[in-house]
$ cat upload.cif   # mmCIF, C-alpha atoms
data_work
#
loop_
_atom_site.label_atom_id
_atom_site.label_comp_id
_atom_site.auth_asym_id
_atom_site.auth_seq_id
_atom_site.Cartn_x
_atom_site.Cartn_y
_atom_site.Cartn_z
CA MET A 1165 88.80 84.57 125.06
CA ARG A 1166 89.52 80.84 125.11
CA SER A 1167 91.13 81.07 121.69
CA TYR A 1168 93.54 83.74 122.95
CA LEU A 1169 94.37 81.67 126.02
CA SER A 1170 95.16 78.73 123.77
CA VAL A 1171 97.66 80.91 121.91
CA TRP A 1172 99.17 82.35 125.09
CA ARG A 1173 99.73 78.83 126.43
CA LEU A 1174 101.99 77.98 123.49
CA PRO A 1175 105.60 77.76 124.75
CA SER A 1176 106.74 80.37 122.25
CA ALA A 1177 103.84 82.82 122.60
CA PRO A 1178 105.03 85.14 125.40
CA VAL A 1179 108.39 85.72 123.73
CA LEU A 1180 106.92 86.22 120.26
CA LEU A 1181 104.32 88.69 121.54
CA LEU A 1182 106.41 90.67 124.02
CA ALA A 1183 109.78 90.55 122.26
CA GLY A 1184 108.02 91.14 118.95
CA PHE A 1185 106.29 94.22 120.34
CA ALA A 1186 109.51 95.65 121.81
CA GLY A 1187 111.54 94.86 118.71
CA ARG A 1188 109.00 96.47 116.39
CA LEU A 1189 108.66 99.73 118.32
CA PRO A 1190 111.79 101.21 116.67
CA SER A 1191 110.12 100.96 113.27
CA ALA A 1192 107.50 103.42 114.54
CA MET A 1193 109.94 105.48 116.64
CA VAL A 1194 113.13 106.04 114.65
CA PRO A 1195 111.70 107.73 111.52
CA LEU A 1196 109.80 110.28 113.63
CA ALA A 1197 112.65 110.82 116.11
CA LEU A 1198 115.11 111.21 113.24
CA LEU A 1199 112.80 113.72 111.55
CA LEU A 1200 112.56 115.80 114.75
CA MET A 1201 116.28 115.62 115.51
CA VAL A 1202 117.42 116.61 112.02
CA GLN A 1203 114.86 119.39 111.79
CA GLN A 1204 115.94 120.84 115.15
CA GLN A 1205 119.58 120.67 114.18
CA THR A 1206 119.33 121.98 110.58
CA GLY A 1207 116.10 123.98 110.66
CA SER A 1208 115.10 122.26 107.42
CA TYR A 1209 112.10 120.00 107.05
CA ALA A 1210 113.34 119.06 103.59
CA VAL A 1211 116.59 117.61 104.94
CA ALA A 1212 114.76 116.03 107.87
CA GLY A 1213 112.21 114.39 105.56
CA LEU A 1214 114.98 113.14 103.28
CA ALA A 1215 116.85 111.55 106.17
CA SER A 1216 113.71 109.91 107.57
CA ALA A 1217 112.62 108.62 104.16
CA THR A 1218 116.11 107.28 103.44
CA TYR A 1219 116.08 105.36 106.72
CA GLY A 1220 112.72 103.75 105.91
CA LEU A 1221 113.60 102.90 102.31
CA ALA A 1222 116.97 101.37 103.28
CA MET A 1223 115.24 99.25 105.93
CA ALA A 1224 112.66 98.08 103.39
CA ALA A 1225 115.22 97.34 100.68
CA MET A 1226 117.51 95.33 102.95
CA ALA A 1227 114.81 93.23 104.61
CA PRO A 1228 114.28 90.67 101.79
CA VAL A 1229 118.04 90.15 101.47
CA LEU A 1230 118.33 89.47 105.19
CA GLY A 1231 115.15 87.38 105.09
CA ARG A 1232 116.65 85.05 102.46
CA LEU A 1233 119.83 84.74 104.50
CA ALA A 1234 117.77 84.01 107.63
CA ASP A 1235 115.89 81.22 105.86
CA ARG A 1236 119.14 79.59 104.82
CA ARG A 1237 120.89 79.75 108.20
CA THR A 1238 117.96 80.38 110.59
CA PRO A 1239 117.28 83.97 111.71
CA ARG A 1240 119.36 83.56 114.90
CA PRO A 1241 122.81 84.60 113.55
CA VAL A 1242 121.24 87.45 111.58
CA LEU A 1243 119.50 88.78 114.70
CA LEU A 1244 122.66 88.46 116.82
CA VAL A 1245 124.80 90.38 114.32
CA GLN A 1246 122.14 93.07 113.98
CA ALA A 1247 121.75 93.34 117.76
CA ALA A 1248 125.45 94.15 117.95
CA ALA A 1249 125.59 96.49 114.96
CA TYR A 1250 122.33 98.45 115.21
CA PRO A 1251 123.10 100.43 118.41
CA LEU A 1252 126.46 101.44 116.93
CA LEU A 1253 124.82 102.59 113.71
CA LEU A 1254 122.24 104.62 115.65
CA ALA A 1255 124.98 106.16 117.78
CA LEU A 1256 126.85 107.08 114.61
CA LEU A 1257 123.69 108.64 113.19
CA VAL A 1258 123.14 110.74 116.31
CA ALA A 1259 126.78 111.86 116.32
CA VAL A 1260 126.63 112.81 112.64
CA VAL A 1261 123.44 114.85 113.04
CA LEU A 1262 124.37 116.59 116.30
CA GLY A 1263 127.88 117.21 114.94
CA GLY A 1264 126.48 119.29 112.08
CA ALA A 1265 127.72 117.02 109.30
CA PRO A 1266 126.82 117.79 105.66
CA THR A 1267 123.48 116.57 104.33
CA ALA A 1268 125.08 113.82 102.25
CA VAL A 1269 126.72 112.35 105.37
CA VAL A 1270 123.46 112.51 107.33
CA VAL A 1271 121.64 110.71 104.52
CA ALA A 1272 124.36 108.04 104.29
CA ALA A 1273 124.26 107.45 108.05
CA SER A 1274 120.45 107.23 107.89
CA ALA A 1275 120.71 104.61 105.14
CA ALA A 1276 123.24 102.57 107.14
CA ALA A 1277 121.04 102.60 110.25
CA GLY A 1278 117.96 101.67 108.25
CA ALA A 1279 119.74 98.76 106.57
CA GLY A 1280 120.90 97.50 109.97
CA THR A 1281 117.44 97.45 111.57
CA PRO A 1282 116.94 94.04 113.25
CA LEU A 1283 114.79 91.59 111.32
CA VAL A 1284 112.19 91.27 114.06
CA SER A 1285 108.89 91.55 112.20
CA GLY A 1286 109.66 89.02 109.48
CA THR A 1287 111.10 86.60 112.03
CA VAL A 1288 108.08 86.81 114.33
CA ARG A 1289 105.62 86.22 111.50
CA ALA A 1290 107.68 83.32 110.15
CA LEU A 1291 107.67 81.73 113.61
CA TRP A 1292 103.92 82.22 113.96
CA SER A 1293 103.45 80.47 110.61
CA ARG A 1294 105.02 77.34 112.17
CA VAL A 1295 102.59 76.98 115.10
CA ASP A 1296 99.63 74.60 115.21
CA PRO A 1297 97.25 75.44 112.32
CA ALA A 1298 94.33 75.23 114.77
CA VAL A 1299 95.51 78.41 116.53
CA ARG A 1300 97.53 80.02 113.75
CA GLY A 1301 94.75 82.41 112.69
CA THR A 1302 94.27 83.66 116.25
CA ALA A 1303 98.04 84.02 116.61
CA PHE A 1304 98.22 86.17 113.48
CA ALA A 1305 95.29 88.23 114.79
CA LEU A 1306 97.19 88.93 118.00
CA ASP A 1307 100.26 89.78 115.95
CA ALA A 1308 98.32 92.23 113.75
CA THR A 1309 96.77 93.82 116.84
CA ALA A 1310 100.18 94.19 118.48
CA THR A 1311 101.49 95.82 115.31
CA GLU A 1312 98.67 98.37 115.42
CA LEU A 1313 99.53 99.14 119.05
CA VAL A 1314 103.15 99.66 118.02
CA PHE A 1315 102.09 102.55 115.80
CA VAL A 1316 100.11 104.08 118.65
CA ALA A 1317 102.72 103.63 121.37
CA GLY A 1318 105.81 104.37 119.25
CA PRO A 1319 105.02 107.95 118.19
CA THR A 1320 103.59 108.70 121.65
CA LEU A 1321 106.83 107.57 123.29
CA VAL A 1322 108.88 109.64 120.84
CA ALA A 1323 106.77 112.75 121.49
CA THR A 1324 107.17 112.32 125.25
CA LEU A 1325 110.93 111.76 125.12
CA ALA A 1326 111.41 114.61 122.64
CA VAL A 1327 109.75 117.04 125.05
CA VAL A 1328 111.37 115.70 128.23
CA ALA A 1329 114.89 114.95 127.02
CA GLY A 1330 115.22 115.48 123.25
CA PRO A 1331 114.82 113.40 120.06
CA ALA A 1332 118.30 111.88 120.40
CA TRP A 1333 117.15 110.13 123.58
CA ALA A 1334 114.22 108.65 121.67
CA LEU A 1335 116.71 107.11 119.25
CA GLY A 1336 118.66 105.72 122.18
CA VAL A 1337 115.56 104.12 123.69
CA ALA A 1338 114.65 102.70 120.28
CA GLY A 1339 118.09 101.11 120.07
CA VAL A 1340 117.67 99.46 123.47
CA LEU A 1341 114.22 98.13 122.52
CA ALA A 1342 115.49 96.77 119.21
CA VAL A 1343 118.39 94.94 120.86
CA THR A 1344 116.12 93.56 123.58
CA GLY A 1345 113.62 92.23 121.08
CA ALA A 1346 116.25 90.75 118.76
CA LEU A 1347 118.19 89.01 121.55
CA ALA A 1348 115.02 87.62 123.13
CA LEU A 1349 113.93 86.14 119.81
CA ALA A 1350 117.39 84.76 119.09
CA ALA A 1351 117.47 83.00 122.46
CA SER A 1352 113.88 81.73 122.39
CA ALA A 1353 112.88 78.07 122.38
CA ALA A 1354 111.01 78.64 119.11
CA MET A 1355 114.24 79.77 117.48
CA ARG A 1356 116.18 76.81 118.82
CA GLY A 1357 113.61 74.53 117.22
CA TRP A 1358 113.93 76.21 113.80
CA VAL A 1359 115.21 73.74 111.20
CA PRO A 1360 116.05 75.32 107.81
CA VAL A 1361 114.27 73.72 104.87
CA PRO A 1362 116.76 73.22 102.01
CA SER A 1363 115.76 74.42 98.56
CA ALA A 1364 115.62 71.72 95.89
CA GLU A 1365 117.14 74.03 93.29
CA ARG A 1366 118.99 77.30 92.92
CA MET A 1367 116.45 80.08 93.36
CA SER A 1368 116.33 83.39 91.49
CA PRO A 1369 116.23 86.57 93.60
CA PHE A 1370 112.50 86.97 92.90
CA ALA A 1371 111.42 83.33 93.10
CA THR A 1372 109.58 83.89 96.38
CA VAL A 1373 107.74 86.96 95.08
CA LEU A 1374 106.64 85.06 91.97
CA ALA A 1375 105.49 81.90 93.78
CA PRO A 1376 101.90 80.97 92.75
CA GLY A 1377 99.43 83.24 94.52
CA MET A 1378 102.04 85.58 96.01
CA PRO A 1379 101.88 88.34 93.34
CA ARG A 1380 98.17 88.91 94.00
CA VAL A 1381 98.67 89.12 97.75
CA LEU A 1382 101.66 91.46 97.45
CA LEU A 1383 100.05 93.71 94.83
CA SER A 1384 96.71 93.90 96.64
CA GLY A 1385 98.55 94.63 99.89
CA SER A 1386 100.56 97.36 98.16
CA ALA A 1387 97.41 98.98 96.76
CA LEU A 1388 95.85 98.93 100.22
CA MET A 1389 98.95 100.45 101.85
CA LEU A 1390 99.14 103.13 99.15
CA GLY A 1391 95.66 104.18 100.23
CA PHE A 1392 96.66 104.12 103.88
CA GLY A 1393 99.68 106.31 103.10
CA ALA A 1394 97.39 108.88 101.51
CA LEU A 1395 95.05 108.72 104.49
CA GLU A 1396 97.90 109.30 106.95
CA VAL A 1397 98.54 112.62 105.16
CA ALA A 1398 94.88 113.50 104.75
CA ILE A 1399 94.02 113.14 108.45
CA PRO A 1400 96.42 115.86 109.75
CA ALA A 1401 95.50 118.07 106.79
CA PHE A 1402 91.79 117.67 107.59
CA ALA A 1403 92.38 118.61 111.22
CA ASP A 1404 94.46 121.62 110.16
CA ASP A 1405 91.80 122.83 107.71
CA ALA A 1406 89.20 122.47 110.47
CA GLY A 1407 91.26 124.72 112.75
CA SER A 1408 92.12 121.89 115.15
CA PRO A 1409 95.66 120.79 114.19
CA GLY A 1410 96.19 119.33 117.66
CA MET A 1411 93.54 116.70 116.97
CA SER A 1412 95.58 114.95 114.28
CA GLY A 1413 97.28 112.65 116.80
CA LEU A 1414 93.93 111.76 118.40
CA LEU A 1415 92.41 110.99 115.00
CA LEU A 1416 95.27 108.71 114.02
CA ALA A 1417 95.01 106.98 117.41
CA LEU A 1418 91.26 106.42 116.95
CA TRP A 1419 91.95 104.84 113.57
CA SER A 1420 94.48 102.45 115.10
CA LEU A 1421 92.28 101.69 118.11
CA GLY A 1422 89.42 100.76 115.78
CA SER A 1423 91.78 98.33 114.08
CA VAL A 1424 92.82 96.88 117.46
CA ALA A 1425 89.16 96.34 118.43
CA GLY A 1426 88.42 94.66 115.10
CA GLY A 1427 91.50 92.48 115.35
CA LEU A 1428 90.64 91.24 118.83
CA TRP A 1429 87.07 90.46 117.77
CA PHE A 1430 88.12 88.68 114.58
CA GLY A 1431 90.83 86.62 116.27
CA ALA A 1432 88.27 85.03 118.58
CA ARG A 1433 86.05 83.93 115.68
CA VAL A 1434 86.15 80.62 113.81
CA VAL A 1435 85.61 81.36 110.10
CA SER A 1436 84.84 78.49 107.76
CA ALA A 1437 85.52 80.35 104.49
CA SER A 1438 88.84 79.83 102.72
CA LEU A 1439 91.61 82.38 103.26
CA PRO A 1440 91.39 83.90 99.73
CA ARG A 1441 87.64 84.38 100.12
CA GLN A 1442 88.07 85.94 103.58
CA TYR A 1443 90.78 88.23 102.25
CA ARG A 1444 88.62 89.46 99.36
CA TRP A 1445 85.60 90.18 101.55
CA LEU A 1446 87.69 91.91 104.23
CA LEU A 1447 89.32 94.15 101.62
CA LEU A 1448 85.84 95.04 100.42
CA GLY A 1449 84.95 95.82 104.04
CA VAL A 1450 87.95 98.17 104.31
CA THR A 1451 86.84 99.92 101.11
CA ILE A 1452 83.30 100.36 102.40
CA GLY A 1453 84.64 101.57 105.75
CA LEU A 1454 86.85 104.22 104.12
CA ALA A 1455 84.23 105.56 101.70
CA PRO A 1456 82.25 107.68 104.26
CA LEU A 1457 85.42 109.56 105.23
CA THR A 1458 85.10 111.68 102.10
CA ALA A 1459 81.85 113.17 103.47
CA ALA A 1460 83.09 113.91 107.03
CA SER A 1461 82.06 117.39 108.17
CA SER A 1462 84.16 117.83 111.33
CA PRO A 1463 87.15 116.26 113.11
CA TRP A 1464 84.83 114.55 115.59
CA VAL A 1465 82.76 112.99 112.82
CA LEU A 1466 85.96 111.96 111.07
CA GLY A 1467 87.23 110.39 114.32
CA ALA A 1468 84.08 108.30 114.72
CA LEU A 1469 84.25 107.18 111.09
CA LEU A 1470 87.95 106.35 111.39
CA PHE A 1471 87.29 104.16 114.41
CA LEU A 1472 84.47 102.31 112.66
CA GLY A 1473 86.32 102.01 109.38
CA GLY A 1474 89.47 100.88 111.16
CA THR A 1475 87.77 97.79 112.56
CA ALA A 1476 88.31 95.91 109.29
CA ILE A 1477 92.04 96.64 109.05
CA ALA A 1478 93.59 94.24 111.54
CA PRO A 1479 91.34 91.35 110.40
CA THR A 1480 92.46 92.03 106.82
CA LEU A 1481 96.12 92.03 107.81
CA THR A 1482 95.56 88.87 109.87
CA VAL A 1483 94.26 86.97 106.85
CA GLN A 1484 96.93 88.54 104.64
CA ASN A 1485 99.65 87.17 106.92
CA SER A 1486 97.96 83.77 107.00
CA LEU A 1487 97.89 83.76 103.20
CA VAL A 1488 101.57 84.64 102.91
CA GLY A 1489 102.42 81.88 105.38
CA ALA A 1490 100.40 79.41 103.32
CA LEU A 1491 101.68 80.51 99.90
CA ALA A 1492 105.36 80.99 100.73
CA PRO A 1493 107.73 78.18 99.77
CA ALA A 1494 108.66 76.18 102.88
CA HIS A 1495 112.30 77.23 102.57
CA ALA A 1496 111.51 80.96 102.26
CA THR A 1497 108.93 81.92 104.89
CA THR A 1498 110.97 84.73 106.47
CA GLU A 1499 111.84 86.17 103.07
CA ALA A 1500 108.18 86.09 102.03
CA PHE A 1501 107.11 88.11 105.07
CA THR A 1502 109.93 90.62 104.54
CA TRP A 1503 108.75 91.13 100.95
CA LEU A 1504 105.29 91.87 102.30
CA SER A 1505 106.72 94.48 104.68
CA THR A 1506 109.00 95.95 102.01
CA MET A 1507 106.25 96.44 99.45
CA ALA A 1508 103.91 97.82 102.11
CA THR A 1509 106.53 100.36 103.21
CA GLY A 1510 107.25 101.48 99.65
CA ALA A 1511 103.58 101.71 98.70
CA SER A 1512 102.76 103.68 101.86
CA ALA A 1513 105.52 106.15 101.04
CA VAL A 1514 104.18 106.58 97.49
CA GLY A 1515 100.67 107.03 98.85
CA ALA A 1516 101.85 109.69 101.29
CA ALA A 1517 103.64 111.56 98.49
CA LEU A 1518 100.61 111.40 96.18
CA GLY A 1519 98.28 112.30 99.03
CA GLY A 1520 100.39 115.32 99.92
CA ALA A 1521 100.38 116.47 96.30
CA LEU A 1522 96.60 116.14 96.17
CA VAL A 1523 96.18 118.09 99.43
CA ASP A 1524 98.21 120.95 97.94
CA SER A 1525 96.24 120.81 94.66
CA SER A 1526 92.75 122.06 93.85
CA SER A 1527 91.22 118.75 95.00
CA GLY A 1528 92.47 119.38 98.55
CA VAL A 1529 91.97 116.95 101.42
CA THR A 1530 89.01 115.33 99.65
CA GLY A 1531 91.29 114.26 96.83
CA SER A 1532 93.62 112.50 99.25
CA LEU A 1533 90.68 110.77 100.96
CA VAL A 1534 89.37 109.61 97.59
CA LEU A 1535 92.82 108.19 96.81
CA ALA A 1536 92.64 106.20 100.06
CA VAL A 1537 89.31 104.68 99.03
CA ALA A 1538 90.59 104.04 95.51
CA GLY A 1539 93.64 102.20 96.85
CA ALA A 1540 91.45 99.81 98.84
CA ALA A 1541 89.12 99.32 95.87
CA VAL A 1542 92.04 98.46 93.59
CA ALA A 1543 93.19 95.93 96.19
CA VAL A 1544 89.82 94.18 95.88
CA LEU A 1545 90.08 94.16 92.08
CA VAL A 1546 93.58 92.67 92.20
CA THR A 1547 92.27 89.67 94.15
CA LEU A 1548 89.85 89.00 91.28
CA VAL A 1549 92.59 88.78 88.64
CA PRO A 1550 93.31 85.15 87.68
CA GLY A 1551 96.81 83.87 88.35
CA ARG A 1552 98.82 80.68 88.55
CA ARG A 1553 97.10 78.12 90.72
CA PRO A 1554 98.94 77.14 93.91
CA SER A 1555 99.93 73.52 94.40
CA SER A 1556 97.48 71.09 96.00
CA VAL A 1557 99.48 71.21 99.26
CA THR A 1558 99.35 74.99 99.31
CA ARG A 1559 95.61 75.00 98.61
CA GLU A 1560 95.11 72.72 101.59
CA ARG A 1561 97.09 75.15 103.77
CA MET A 1562 94.99 78.09 102.55
CA ALA A 1563 91.77 76.29 103.33
CA VAL A 1564 92.74 75.71 106.98
#
$ encode --input "upload.cif" --output "structure tokens"
Amino acid sequence: MRSYLSVWRLPSAPVLLLAGFAGRLPSAMVPLALLLMVQQQTGSYAVAGLASATYGLAMAAMAPVLGRLADRRTPRPVLLVQAAAYPLLLALLVAVVLGGAPTAVVVAASAAAGAGTPLVSGTVRALWSRVDPAVRGTAFALDATATELVFVAGPTLVATLAVVAGPAWALGVAGVLAVTGALALAASAAMRGWVPVPSAERMSPFATVLAPGMPRVLLSGSALMLGFGALEVAIPAFADDAGSPGMSGLLLALWSLGSVAGGLWFGARVVSASLPRQYRWLLLGVTIGLAPLTAASSPWVLGALLFLGGTAIAPTLTVQNSLVGALAPAHATTEAFTWLSTMATGASAVGAALGGALVDSSSGVTGSLVLAVAGAAVAVLVTLVPGRRPSSVTRERMAV
């Protein structure tokens, strides 16, 4: 507990934690709310899924571009512009959908809103990477735990608002939360102390991705998220096959709560091993934790296994974020974290698509669960592949 108090006492901590939580909620709210709103309006899950996927992909594609701009000028002007534009883009999206516009217009409006999503997550992680190294690991653990809670609270809030008032109101609340989080970060003392680090040379668009050590972290993270995407499809399908479709939300919540518990425990520990070694062993722990899911016999057994297996997730993401912060060039920290989010989003979408195809095939739910385990196992193997050695300064940062 003392380690968490030491983080909370940092001048920037309350804003980064609370504003970061509020500003990230839309990432868990808007895709679901948009799916529900479009489906209600058009009666088509195909159109609804297309709109929701377009929103997520546009958000992921735009993030590294905005991250590079934020590193050059500080994230403050980027956040301020997005805080002004995002509510307007969401309002346009709602008007287009409720107005019965053609599918092409709905998809275009979804892409515009996704591209305008405030750069909260990358900014928060970049700011955490600048705190005292003695508490940085605990700070990233709190951040990973808060992110897990986002994906519990976000869908729950959408479901409640959709029943009480309608999906369009969920989009409105998401817009308010996004603006609140972005403005709070832009006005924070941590942001005022941000000094851009100039680049010594003209950088290629993929220089940050190809920095020594980064490809292995990004590729291993993508493999892991591909497995998670498959699991997010397999869980509802398992509940449906068991005759308890209503349990899918509870099962997903148990998975996230296990991750929260693991993250809180890990953040209070002092680990002497280097970050790459921690990362490799934690990925192996995720793989071992997912393997028993393929033998689950009932939703209740699956729920218990999901909670136990989930305990390794937040610690893994904590170390992953610490690694990115250590490996990223000093002038491109925000961009590096946005690349991590972008590749995770894309890989999760691919995993969900492959998992859905497996569920509908002869392999069924078991096939999708096996894909989840395979994704985590591939992530471990990627960390074993030799690559360019980081600089001596970077190695020192990774050993902290």
$ residues_around --input "upload.cif" --residues "stretch 1192-1208 of chain A" --least-positions-apart "3" --cutoff "8 Å" --atoms "all atoms listed in the file" --output "list in words"
Arg1188, Leu1189, Val1211, Ala1212, Gly1213, Ala1215, Ser1216, Ala1217, Tyr1219, Gly1220, Val1261, Leu1262, Gly1264, Val1314, Phe1315, Gly1318, Pro1319, Leu1321, Val1322, Ala1326, Gly1330, Pro1331, Ala1332, Ala1334, Leu1335 and Ala1338 of chain A
$ closest_residue --input "upload.cif" --among "A:Ala1354, A:Leu1491, A:Leu1418, A:Leu1390" --to "A:Leu1535" --atoms "only C-alpha atoms"
A:Leu1390
$ resolve_selection --input "upload.cif" --expression "the PyMOL selection byres ((chain A and resi 1398-1411) around 9)" --output "MDAnalysis selection string"
chainID A and resid 1393:1397 1412:1416 1462:1463 1466 1516 1519:1520 1523 1528:1533 1536
$ closest_residue --input "upload.cif" --among "A:Val1537, A:Val1514, A:Pro1360, A:Ala1425" --to "A:Pro1456" --atoms "only C-alpha atoms"
A:Val1537
$ closest_residue --input "upload.cif" --among "A:Ser1486, A:Ala1543, A:Ser1386, A:Val1171" --to "A:Gly1449" --atoms "only C-alpha atoms"
A:Ala1543
$ atom_distance --input "upload.cif" --atom1 "atom CA of A:Gly1515" --atom2 "atom CA of A:Thr1498"
25.7 Å
$ closest_residue --input "upload.cif" --among "A:Ala1387, A:Val1271, A:Ala1375, A:Ala1255" --to "A:Trp1333" --atoms "all atoms listed in the file"
A:Ala1255
$ atom_distance --input "upload.cif" --atom1 "atom CA of A:Arg1300" --atom2 "atom CA of A:Leu1446"
18.1 Å
$ atom_distance --input "upload.cif" --atom1 "atom CA of A:Val1269" --atom2 "atom CA of A:Gly1286"
29.2 Å
$ resolve_selection --input "upload.cif" --expression "the PyMOL selection byres ((chain A and resi 1432) around 7)" --output "ChimeraX atom specification"
/A:1165,1167-1168,1302,1428-1431,1433-1434
$ residues_near_point --input "upload.cif" --point "(110.7, 91.5, 113.4)" --cutoff "10 Å" --atoms "all atoms listed in the file" --output "VMD selection string"
chain A and resid 1180 1183 to 1189 1191 1227 1243 1281 to 1290 1342 1345 to 1346 1349 1498 1501 to 1502
$ resolve_selection --input "upload.cif" --expression "the PyMOL selection byres ((chain A and resi 1306) around 9)" --output "ChimeraX atom specification"
/A:1168,1171,1181,1301-1305,1307-1311,1427-1428,1431,1482
$ write_last_selection --input "upload.cif" --atoms "C-alpha atoms" --output "short mmCIF file (atom, residue, chain, number, x, y, z; two decimals), in the frame of the given file"
data_model
loop_
_atom_site.label_atom_id
_atom_site.label_comp_id
_atom_site.auth_asym_id
_atom_site.auth_seq_id
_atom_site.Cartn_x
_atom_site.Cartn_y
_atom_site.Cartn_z
CA TYR A 1168 93.54 83.74 122.95
CA VAL A 1171 97.66 80.91 121.91
CA LEU A 1181 104.32 88.69 121.54
CA GLY A 1301 94.75 82.41 112.69
CA THR A 1302 94.27 83.66 116.25
CA ALA A 1303 98.04 84.02 116.61
CA PHE A 1304 98.22 86.17 113.48
CA ALA A 1305 95.29 88.23 114.79
CA ASP A 1307 100.26 89.78 115.95
CA ALA A 1308 98.32 92.23 113.75
CA THR A 1309 96.77 93.82 116.84
CA ALA A 1310 100.18 94.19 118.48
CA THR A 1311 101.49 95.82 115.31
CA GLY A 1427 91.50 92.48 115.35
CA LEU A 1428 90.64 91.24 118.83
CA GLY A 1431 90.83 86.62 116.27
CA THR A 1482 95.56 88.87 109.87
#
$ axis_aligned_box --input "upload.cif" --around "stretch 1505-1522 of chain A" --padding-each-side "6 Å" --output "JSON"
{"center_x": 102.8, "center_y": 105.5, "center_z": 100.4, "size_x": 24.4, "size_y": 34.0, "size_z": 20.5}
$ closest_residue --input "upload.cif" --among "A:Ala1276, A:Leu1174, A:Ala1348, A:Val1359" --to "A:Val1295" --atoms "only C-alpha atoms"
A:Leu1174
$ build_atoms --input "upload.cif" --residues "stretch 1254-1266 of chain A" --atoms "N, CA and C atoms" --output "mmCIF file, in the frame of the given file"
data_model
loop_
_atom_site.group_PDB
_atom_site.id
_atom_site.type_symbol
_atom_site.label_atom_id
_atom_site.label_comp_id
_atom_site.auth_asym_id
_atom_site.auth_seq_id
_atom_site.Cartn_x
_atom_site.Cartn_y
_atom_site.Cartn_z
ATOM 1 N N LEU A 1254 123.060 103.520 115.132
ATOM 2 C CA LEU A 1254 122.240 104.620 115.650
ATOM 3 C C LEU A 1254 123.089 105.669 116.345
ATOM 4 N N ALA A 1255 124.080 105.215 117.107
ATOM 5 C CA ALA A 1255 124.980 106.160 117.780
ATOM 6 C C ALA A 1255 125.737 106.997 116.754
ATOM 7 N N LEU A 1256 126.177 106.348 115.680
ATOM 8 C CA LEU A 1256 126.850 107.080 114.610
ATOM 9 C C LEU A 1256 125.919 108.107 113.985
ATOM 10 N N LEU A 1257 124.669 107.718 113.771
ATOM 11 C CA LEU A 1257 123.690 108.640 113.190
ATOM 12 C C LEU A 1257 123.464 109.847 114.081
ATOM 13 N N VAL A 1258 123.319 109.629 115.367
ATOM 14 C CA VAL A 1258 123.140 110.740 116.310
ATOM 15 C C VAL A 1258 124.358 111.660 116.298
ATOM 16 N N ALA A 1259 125.552 111.061 116.314
ATOM 17 C CA ALA A 1259 126.780 111.860 116.320
ATOM 18 C C ALA A 1259 126.910 112.692 115.058
ATOM 19 N N VAL A 1260 126.541 112.109 113.924
ATOM 20 C CA VAL A 1260 126.630 112.810 112.640
ATOM 21 C C VAL A 1260 125.675 114.009 112.615
ATOM 22 N N VAL A 1261 124.444 113.779 113.074
ATOM 23 C CA VAL A 1261 123.440 114.850 113.040
ATOM 24 C C VAL A 1261 123.792 115.955 114.028
ATOM 25 N N LEU A 1262 124.067 115.578 115.276
ATOM 26 C CA LEU A 1262 124.370 116.590 116.300
ATOM 27 C C LEU A 1262 125.701 117.275 116.030
ATOM 28 N N GLY A 1263 126.585 116.606 115.275
ATOM 29 C CA GLY A 1263 127.880 117.210 114.940
ATOM 30 C C GLY A 1263 127.804 118.172 113.778
ATOM 31 N N GLY A 1264 126.626 118.337 113.180
ATOM 32 C CA GLY A 1264 126.480 119.290 112.080
ATOM 33 C C GLY A 1264 127.100 118.837 110.783
ATOM 34 N N ALA A 1265 127.119 117.551 110.520
ATOM 35 C CA ALA A 1265 127.720 117.020 109.300
ATOM 36 C C ALA A 1265 126.915 117.461 108.070
ATOM 37 N N PRO A 1266 127.540 117.432 106.890
ATOM 38 C CA PRO A 1266 126.820 117.790 105.660
ATOM 39 C C PRO A 1266 125.624 116.863 105.409
#
